[in-house]
Each structure stands twice: as structure tokens, then as C-alpha cells.
Amino acid sequence: MILAISIFLLTLLFVIWQPKGLQIGTSAVIGAGVALTLGLVSFDDVKIVFDIIWDATLAFVGIIILSMVLDAIGFFEWAALKMAKFSKGSGVKMFFYSILLGAFVSALFANDGAALILTPILLAKMRILRLNTKTILAFLLAGGFISDSASLPFVFSNLTNIVTANYFNIGFYEFISTMIIPYFVSVTISMIVLYGVLHKDIPKRVDTTLLLDPQSVIKHQGLFKFSWFFLALLLSAYFIGDRYNIPISVFALGGAIIFLSIASFTKTVKATTIMKEAPWQVVWFSLGLYVVVYGLKNAGLTDEVAHILHYLNSQSQTIAVVGTGFLAAILSAFMNNMPTIMIMDIALVDIGNEAMIYANIVGCNLGPKMTPFGSLATLLWLHTLEKKGVNISFWSYSKFGLIVTPPILLVVLLSLV
């Protein structure tokens, strides 16, 4: 157990630290190689892990590619400008509208898509609006938080959703019918809590006349209009795929490639550039880190977690749901939500309480916001901001996360009961 934990912690340290530009996927694969060499996992275990994560990982890559193409044609910048214009100069309205925009992007394009695509756009617009540093930070913190707290409604809204849905054979319709209420609850309570914490830094008035006209940022009007039809068609395809048990990656990655081909044909984007910049490292990150985590499972960690979950299940449904959610949240905050979702899923297999499965998802999606390294989305978000000259310290982020996350998490978990 000590050896398995040590390898996991070292792997996670290199993933977060990224010394000398060492990418997250490379660190995870090296960790998996060490675990395999030392006998903590076998080649059969690697096959099991691959079977668990392949669909989720390819679906995630597809969603990010689709997001990148839409970003290239001006889709998200148009949406951000529209949001700003709708506020009519009210700083408070702009704050709430930016959260709603983040919730929309996170739901349809995954939490990582919201962190990668929307964050730099919002930052650029706020700088154009000549907002002060504290105000910019308030908007960014709210946007970063909602990217995870709103990643609940669809299977594809978060990598953890896809992994769990596949592991427990939860259908697309079944997932959304259960998680749609927690999604709206999460967005609503997030707006209330975030405003309560950050309201002092939200200006009353903002000069939106400094911003461009939304239509001016669209690179191809025909493709922009077609994109709305294509997104509706793709969402319908997920429901059809659910009926015939077709893997979600078939539509997510397949749809992304089709849309990329269409955009490339119109010469709006270069397909080679998009494919080159796609987050392929996430594929190796998922496989490598899950192999390392499987070493923890073999060492008995999941058995210990299962004992706790069995105890929670023996109590009332409310205690079982809230306890599971907070256990997943705490583990996610300190050991990242990707390994946590796998450990918790394995530990929940024999319990048979469906509400606890969904509570695990909620905990793994919201809980990571308590620390900077709790989720891949937060790491990407911080890395994106750092490249843009915005540095948020470990303690500043943690203090914010520890204040806003627990009350929001509690309310969302109670909506599952």
C-alpha cells in the first residue's frame, strides 16, 4: 500500500508541477510504467483500465476538437460579446450572465472545454472593458468554479460522468433525467454563493460600448448558422445512440471530425492545425493515471473505501447520499477527481444504491474546486491564466474554494435525495 501510494503521489506531483515542460500525459505514462515494472499492476489490469476509459477519453477529445473549431469561427467570442451586451452596462447582470454562459458551455462542451476556450475570451473582454484587477479576478474565479459545478447534466459534460456512466451502464436519457435537477440547483446556488462572496468586487456599471459588435467576430456567417443546427443534430444523435447502445465517443469524436471537415472545406479553419493542437496528451493522461490508480486498488485502498460506503448505505438515504458526495469531494480535492472517480466507482459496485453513484459524480465534479489540483479542468484553467499574465496563488485559490464549495455541494447533494 505504501509503495502504491508513493508512486501515485509522485505521478500526481509531476502532473501538477510539469517540470521543464514535461506534459501531463507523459508523467502519467511514466508512473504507469513504474507501477507495471514493480508488479503493482499487471498487463491484464492495463487491459481492464483501457476498457474502462477508452470511450470516455475519445469522447472528451472529440468534444474539445468541436469546441476548438467553434472557437475558430468565432462562436464563443460571439456568445461572450452577446452576454456583455445583454447586461446593458450593469456589472451585476454581467456577473450573472457570465456565470450562465459558463454553465451553458460547460454543459454542452465539457468543463475542460469551458476552461480552455471560454477563459481567455472572457479575460480579453474584461481587459478591453478596463476593469480593475480585483474585478477581473472575481469574474475569473466565478467562471472557473462554474466550469466544474455546471458539468452535471449530460454524460459528456465531464470526463468523470462518462467513466461512471459506462462503468455502471447508465444510459444517456437515464443520466440526464436524474441529473437535470441537480444541474439547475447547482447553477442557481453557485450564482448565489459566488455573488455573496465576490459582490464587493463587482462594479455597478460597465462601459460595454468599448466592446465590438458580436456579429463582427464571426468568421463565416453560413458556418456559424449551420453550427446551431449541427449541435442540435448531434445532441439528438446521443439520444439515438442511447437507444441502440452505441458508444458516446462514436458521436462525440465522429461529430467533431465531420464538423472539422466541413469547416476546413469552407477554408475557415485548417484541419491540420486543429488536430495538432487537440489535447492528445489527455489520452495518455487518462490511461496512465488510471493504471497507477489500479495499483492502489490492488493494494487494498478500494476495500477501505468500500467499508466506509457500506456503513453510509446502512444509514438513512440522506446520510448515504451526502456522506458519499463529501467523501468523493474530499478525496478529489486532495488526490484529483480522475483517480477518485475510479476508486469510488469500484468501491460502489456491490452496494446497489443508485443515488450514491450519482452522489459520487457530484462530489467528484464539485469537490475538486477546494484545491488548485483537484481537477484537470482547474489545472488547465490556472495554466491558461498564467500564460495570459494572471497568477493565482495556491493559498488564495484554496481559501476561495474552501469557502464556496462545501455549501454548494451540500445543497446539490440534497437535491438528489
# chains A, B, ... in the order shown; residues from 1 in each chain; ligands from 1
$ residues_around --residues "range 49-64 of chain A" --least-positions-apart "2" --cutoff "7 Å" --atoms "only C-alpha atoms" --output "list of chain:residue names"
A:Asp45, A:Val46, A:Lys47, A:Leu66, A:Ser67, A:Met68, A:Phe109, A:Gly113, A:Leu159, A:Ile162, A:Val163, A:Tyr167, A:Pro247, A:Ile248, A:Ser249, A:Ala252, A:Leu253, A:Ala256, A:Pro279, A:Val283, A:Ser286, A:Leu287, A:Tyr290, A:Val291
$ write_last_selection --atoms "N, CA and C atoms" --output "PDB file, in the first residue's frame"
ATOM      1  N   ASP A  45      -4.447  -5.965 -15.988  1.00  0.00           N
ATOM      2  CA  ASP A  45      -5.029  -4.781 -15.362  1.00  0.00           C
ATOM      3  C   ASP A  45      -5.064  -3.610 -16.343  1.00  0.00           C
ATOM      4  N   VAL A  46      -4.008  -3.486 -17.138  1.00  0.00           N
ATOM      5  CA  VAL A  46      -3.945  -2.413 -18.139  1.00  0.00           C
ATOM      6  C   VAL A  46      -5.088  -2.572 -19.141  1.00  0.00           C
ATOM      7  N   LYS A  47      -5.361  -3.814 -19.529  1.00  0.00           N
ATOM      8  CA  LYS A  47      -6.464  -4.075 -20.456  1.00  0.00           C
ATOM      9  C   LYS A  47      -7.804  -3.679 -19.836  1.00  0.00           C
ATOM     10  N   LEU A  66     -14.338  19.753 -31.314  1.00  0.00           N
ATOM     11  CA  LEU A  66     -15.523  20.502 -31.741  1.00  0.00           C
ATOM     12  C   LEU A  66     -15.493  21.915 -31.161  1.00  0.00           C
ATOM     13  N   SER A  67     -15.119  22.028 -29.881  1.00  0.00           N
ATOM     14  CA  SER A  67     -15.029  23.339 -29.233  1.00  0.00           C
ATOM     15  C   SER A  67     -13.990  24.223 -29.914  1.00  0.00           C
ATOM     16  N   MET A  68     -12.862  23.623 -30.286  1.00  0.00           N
ATOM     17  CA  MET A  68     -11.786  24.381 -30.934  1.00  0.00           C
ATOM     18  C   MET A  68     -12.219  24.912 -32.302  1.00  0.00           C
ATOM     19  N   PHE A 109     -20.084  21.542 -23.798  1.00  0.00           N
ATOM     20  CA  PHE A 109     -18.727  21.343 -24.313  1.00  0.00           C
ATOM     21  C   PHE A 109     -17.745  20.878 -23.236  1.00  0.00           C
ATOM     22  N   GLY A 113     -13.536  22.104 -21.698  1.00  0.00           N
ATOM     23  CA  GLY A 113     -13.755  22.991 -22.832  1.00  0.00           C
ATOM     24  C   GLY A 113     -14.028  24.412 -22.363  1.00  0.00           C
ATOM     25  N   LEU A 159     -15.546  14.320 -17.932  1.00  0.00           N
ATOM     26  CA  LEU A 159     -14.907  13.018 -18.130  1.00  0.00           C
ATOM     27  C   LEU A 159     -15.342  12.028 -17.051  1.00  0.00           C
ATOM     28  N   ILE A 162     -18.698  10.406 -17.956  1.00  0.00           N
ATOM     29  CA  ILE A 162     -18.622   9.357 -18.982  1.00  0.00           C
ATOM     30  C   ILE A 162     -18.088   8.057 -18.380  1.00  0.00           C
ATOM     31  N   VAL A 163     -17.020   8.173 -17.575  1.00  0.00           N
ATOM     32  CA  VAL A 163     -16.416   6.990 -16.963  1.00  0.00           C
ATOM     33  C   VAL A 163     -17.442   6.258 -16.105  1.00  0.00           C
ATOM     34  N   TYR A 167     -19.233   2.664 -16.680  1.00  0.00           N
ATOM     35  CA  TYR A 167     -18.928   1.627 -15.678  1.00  0.00           C
ATOM     36  C   TYR A 167     -20.194   0.973 -15.137  1.00  0.00           C
ATOM     37  N   PRO A 247     -21.518   3.491 -28.360  1.00  0.00           N
ATOM     38  CA  PRO A 247     -20.611   4.272 -27.502  1.00  0.00           C
ATOM     39  C   PRO A 247     -20.701   5.764 -27.797  1.00  0.00           C
ATOM     40  N   ILE A 248     -20.643   6.570 -26.749  1.00  0.00           N
ATOM     41  CA  ILE A 248     -20.808   8.016 -26.886  1.00  0.00           C
ATOM     42  C   ILE A 248     -19.700   8.638 -27.714  1.00  0.00           C
ATOM     43  N   SER A 249     -18.512   8.011 -27.710  1.00  0.00           N
ATOM     44  CA  SER A 249     -17.378   8.548 -28.472  1.00  0.00           C
ATOM     45  C   SER A 249     -17.622   8.494 -29.980  1.00  0.00           C
ATOM     46  N   ALA A 252     -19.418  11.817 -30.371  1.00  0.00           N
ATOM     47  CA  ALA A 252     -18.614  12.969 -29.945  1.00  0.00           C
ATOM     48  C   ALA A 252     -17.409  13.171 -30.861  1.00  0.00           C
ATOM     49  N   LEU A 253     -16.636  12.121 -31.066  1.00  0.00           N
ATOM     50  CA  LEU A 253     -15.443  12.229 -31.908  1.00  0.00           C
ATOM     51  C   LEU A 253     -15.825  12.244 -33.386  1.00  0.00           C
ATOM     52  N   ALA A 256     -17.269  15.603 -34.248  1.00  0.00           N
ATOM     53  CA  ALA A 256     -16.213  16.618 -34.286  1.00  0.00           C
ATOM     54  C   ALA A 256     -15.439  16.553 -35.599  1.00  0.00           C
ATOM     55  N   PRO A 279      -6.064  18.038 -27.586  1.00  0.00           N
ATOM     56  CA  PRO A 279      -5.448  17.587 -26.328  1.00  0.00           C
ATOM     57  C   PRO A 279      -5.156  16.083 -26.286  1.00  0.00           C
ATOM     58  N   VAL A 283      -5.332  11.699 -23.542  1.00  0.00           N
ATOM     59  CA  VAL A 283      -5.489  10.256 -23.780  1.00  0.00           C
ATOM     60  C   VAL A 283      -4.482   9.484 -22.934  1.00  0.00           C
ATOM     61  N   SER A 286      -5.179   9.919 -19.099  1.00  0.00           N
ATOM     62  CA  SER A 286      -6.260   9.073 -18.591  1.00  0.00           C
ATOM     63  C   SER A 286      -5.790   7.631 -18.415  1.00  0.00           C
ATOM     64  N   LEU A 287      -5.185   7.086 -19.457  1.00  0.00           N
ATOM     65  CA  LEU A 287      -4.729   5.697 -19.398  1.00  0.00           C
ATOM     66  C   LEU A 287      -3.660   5.520 -18.330  1.00  0.00           C
ATOM     67  N   TYR A 290      -4.958   6.158 -14.603  1.00  0.00           N
ATOM     68  CA  TYR A 290      -5.868   5.102 -14.163  1.00  0.00           C
ATOM     69  C   TYR A 290      -5.119   3.791 -13.900  1.00  0.00           C
ATOM     70  N   VAL A 291      -4.066   3.532 -14.642  1.00  0.00           N
ATOM     71  CA  VAL A 291      -3.243   2.343 -14.368  1.00  0.00           C
ATOM     72  C   VAL A 291      -2.589   2.483 -12.997  1.00  0.00           C
TER      73      VAL A 291
END
$ closest_atom_pairs --of "range 76-117 of chain A" --to "range 154-158 of chain A" --cutoff "8 Å" --atoms "only C-alpha atoms" --output "CSV"
residue,atom,partner,partner_atom,distance
A:Ser106,CA,A:Ser157,CA,6.3
A:Ala107,CA,A:Ser157,CA,5.0
A:Leu108,CA,A:Ser157,CA,6.2
A:Phe109,CA,A:Ser157,CA,6.4
A:Ala110,CA,A:Ser157,CA,4.1
A:Asn111,CA,A:Asn158,CA,5.9
A:Asp112,CA,A:Asn158,CA,7.7
$ residues_around --residues "Leu137 in chain A" --least-positions-apart "6" --cutoff "9 Å" --atoms "only C-alpha atoms" --output "VMD selection string"
chain A and resid 201 390 392
$ write_last_selection --atoms "N, CA and C atoms" --output "PDB file, in the first residue's frame"
ATOM      1  N   ASP A 201     -16.386  43.133  -5.209  1.00  0.00           N
ATOM      2  CA  ASP A 201     -15.503  43.443  -6.337  1.00  0.00           C
ATOM      3  C   ASP A 201     -16.244  43.566  -7.668  1.00  0.00           C
ATOM      4  N   VAL A 390      -1.959  36.207 -15.567  1.00  0.00           N
ATOM      5  CA  VAL A 390      -2.744  36.240 -14.335  1.00  0.00           C
ATOM      6  C   VAL A 390      -2.308  35.084 -13.446  1.00  0.00           C
ATOM      7  N   ILE A 392      -2.647  33.180  -9.833  1.00  0.00           N
ATOM      8  CA  ILE A 392      -3.447  32.988  -8.625  1.00  0.00           C
ATOM      9  C   ILE A 392      -2.692  32.026  -7.724  1.00  0.00           C
TER      10      ILE A 392
END
$ residues_around --residues "Leu289 in chain A" --least-positions-apart "2" --cutoff "8 Å" --atoms "only C-alpha atoms" --output "list in words"
Thr11, Ala28, Val29, Gly31, Ala32, Phe285, Ser286, Leu287, Val291, Val292, Val293, Met338 and Pro339 of chain A
$ atom_distance --atom1 "CA of Ile257 in chain A" --atom2 "CA of Ile121 in chain A"
23.9 Å
$ closest_residue --among "A:Ser261, A:Thr318, A:Asn391, A:Thr208" --to "Ile65 in chain A" --atoms "only C-alpha atoms"
A:Ser261
$ residues_around --residues "range 221-232 of chain A" --least-positions-apart "5" --cutoff "9 Å" --atoms "only C-alpha atoms" --output "PyMOL selection string"
chain A and resi 70+73-75+108+215+237+255+259+262-263+266+268
$ residues_around --residues "range 131-135 of chain A" --least-positions-apart "4" --cutoff "12 Å" --atoms "only C-alpha atoms" --output "ChimeraX atom specification"
/A:91-92,94-95,122-127,139-142,198-208,210,389-392
$ write_last_selection --atoms "C-alpha atoms" --output "CSV table (one decimal), in the first residue's frame"
chain,number,residue,atom,x,y,z
A,91,GLY,CA,-21.9,45.0,-13.7
A,92,VAL,CA,-24.1,42.7,-11.6
A,94,MET,CA,-22.8,40.9,-16.5
A,95,PHE,CA,-21.5,38.8,-13.5
A,122,LEU,CA,-13.6,36.5,-21.1
A,123,LEU,CA,-10.2,37.7,-19.8
A,124,ALA,CA,-9.6,39.6,-23.1
A,125,LYS,CA,-13.1,41.2,-23.0
A,126,MET,CA,-12.7,42.3,-19.4
A,127,ARG,CA,-9.3,43.9,-20.2
A,139,PHE,CA,-15.1,37.2,-12.8
A,140,LEU,CA,-12.4,34.6,-13.4
A,141,LEU,CA,-12.9,32.8,-10.1
A,142,ALA,CA,-16.7,32.6,-10.8
A,198,LEU,CA,-17.4,38.2,-4.6
A,199,HIS,CA,-20.0,41.0,-4.7
A,200,LYS,CA,-17.7,43.7,-3.2
A,201,ASP,CA,-15.5,43.4,-6.3
A,202,ILE,CA,-18.4,43.6,-8.8
A,203,PRO,CA,-18.8,47.2,-10.3
A,204,LYS,CA,-22.2,48.7,-10.6
A,205,ARG,CA,-21.6,50.0,-14.1
A,206,VAL,CA,-19.5,48.8,-17.0
A,207,ASP,CA,-18.9,50.6,-20.3
A,208,THR,CA,-20.0,48.0,-22.8
A,210,LEU,CA,-15.9,49.6,-25.7
A,389,GLY,CA,-0.2,37.0,-17.1
A,390,VAL,CA,-2.7,36.2,-14.3
A,391,ASN,CA,-1.2,34.4,-11.4
A,392,ILE,CA,-3.4,33.0,-8.6
$ select_by_dssp --residues "range 67-304 of chain A" --states "helix (DSSP H, G or I)" --output "JSON, numbers by chain"
{"A": [67, 68, 69, 70, 71, 72, 75, 76, 77, 78, 79, 80, 81, 82, 83, 84, 85, 86, 91, 92, 93, 94, 95, 96, 97, 98, 99, 100, 101, 102, 103, 104, 105, 106, 107, 108, 109, 110, 111, 112, 113, 114, 115, 116, 117, 118, 119, 120, 121, 122, 123, 124, 125, 126, 127, 128, 133, 134, 135, 136, 137, 138, 139, 140, 141, 142, 143, 144, 145, 146, 147, 148, 149, 155, 156, 157, 159, 160, 161, 162, 163, 164, 165, 166, 167, 172, 173, 174, 175, 176, 177, 178, 179, 180, 181, 182, 183, 184, 185, 186, 187, 188, 189, 190, 191, 192, 193, 194, 195, 196, 197, 198, 199, 200, 201, 208, 209, 210, 214, 215, 216, 217, 221, 222, 223, 224, 225, 226, 227, 228, 229, 230, 231, 232, 233, 234, 235, 236, 237, 238, 239, 240, 241, 242, 243, 248, 249, 250, 251, 252, 253, 254, 255, 256, 257, 258, 259, 260, 261, 262, 263, 264, 265, 271, 272, 273, 274, 275, 276, 277, 281, 282, 283, 284, 285, 286, 287, 288, 289, 290, 291, 292, 293, 294, 295, 296, 297, 298, 301, 302, 303, 304]}
$ closest_residue --among "A:Tyr244, A:Phe239, A:Phe96, A:Phe8" --to "Ala84 in chain A" --atoms "only C-alpha atoms"
A:Phe96
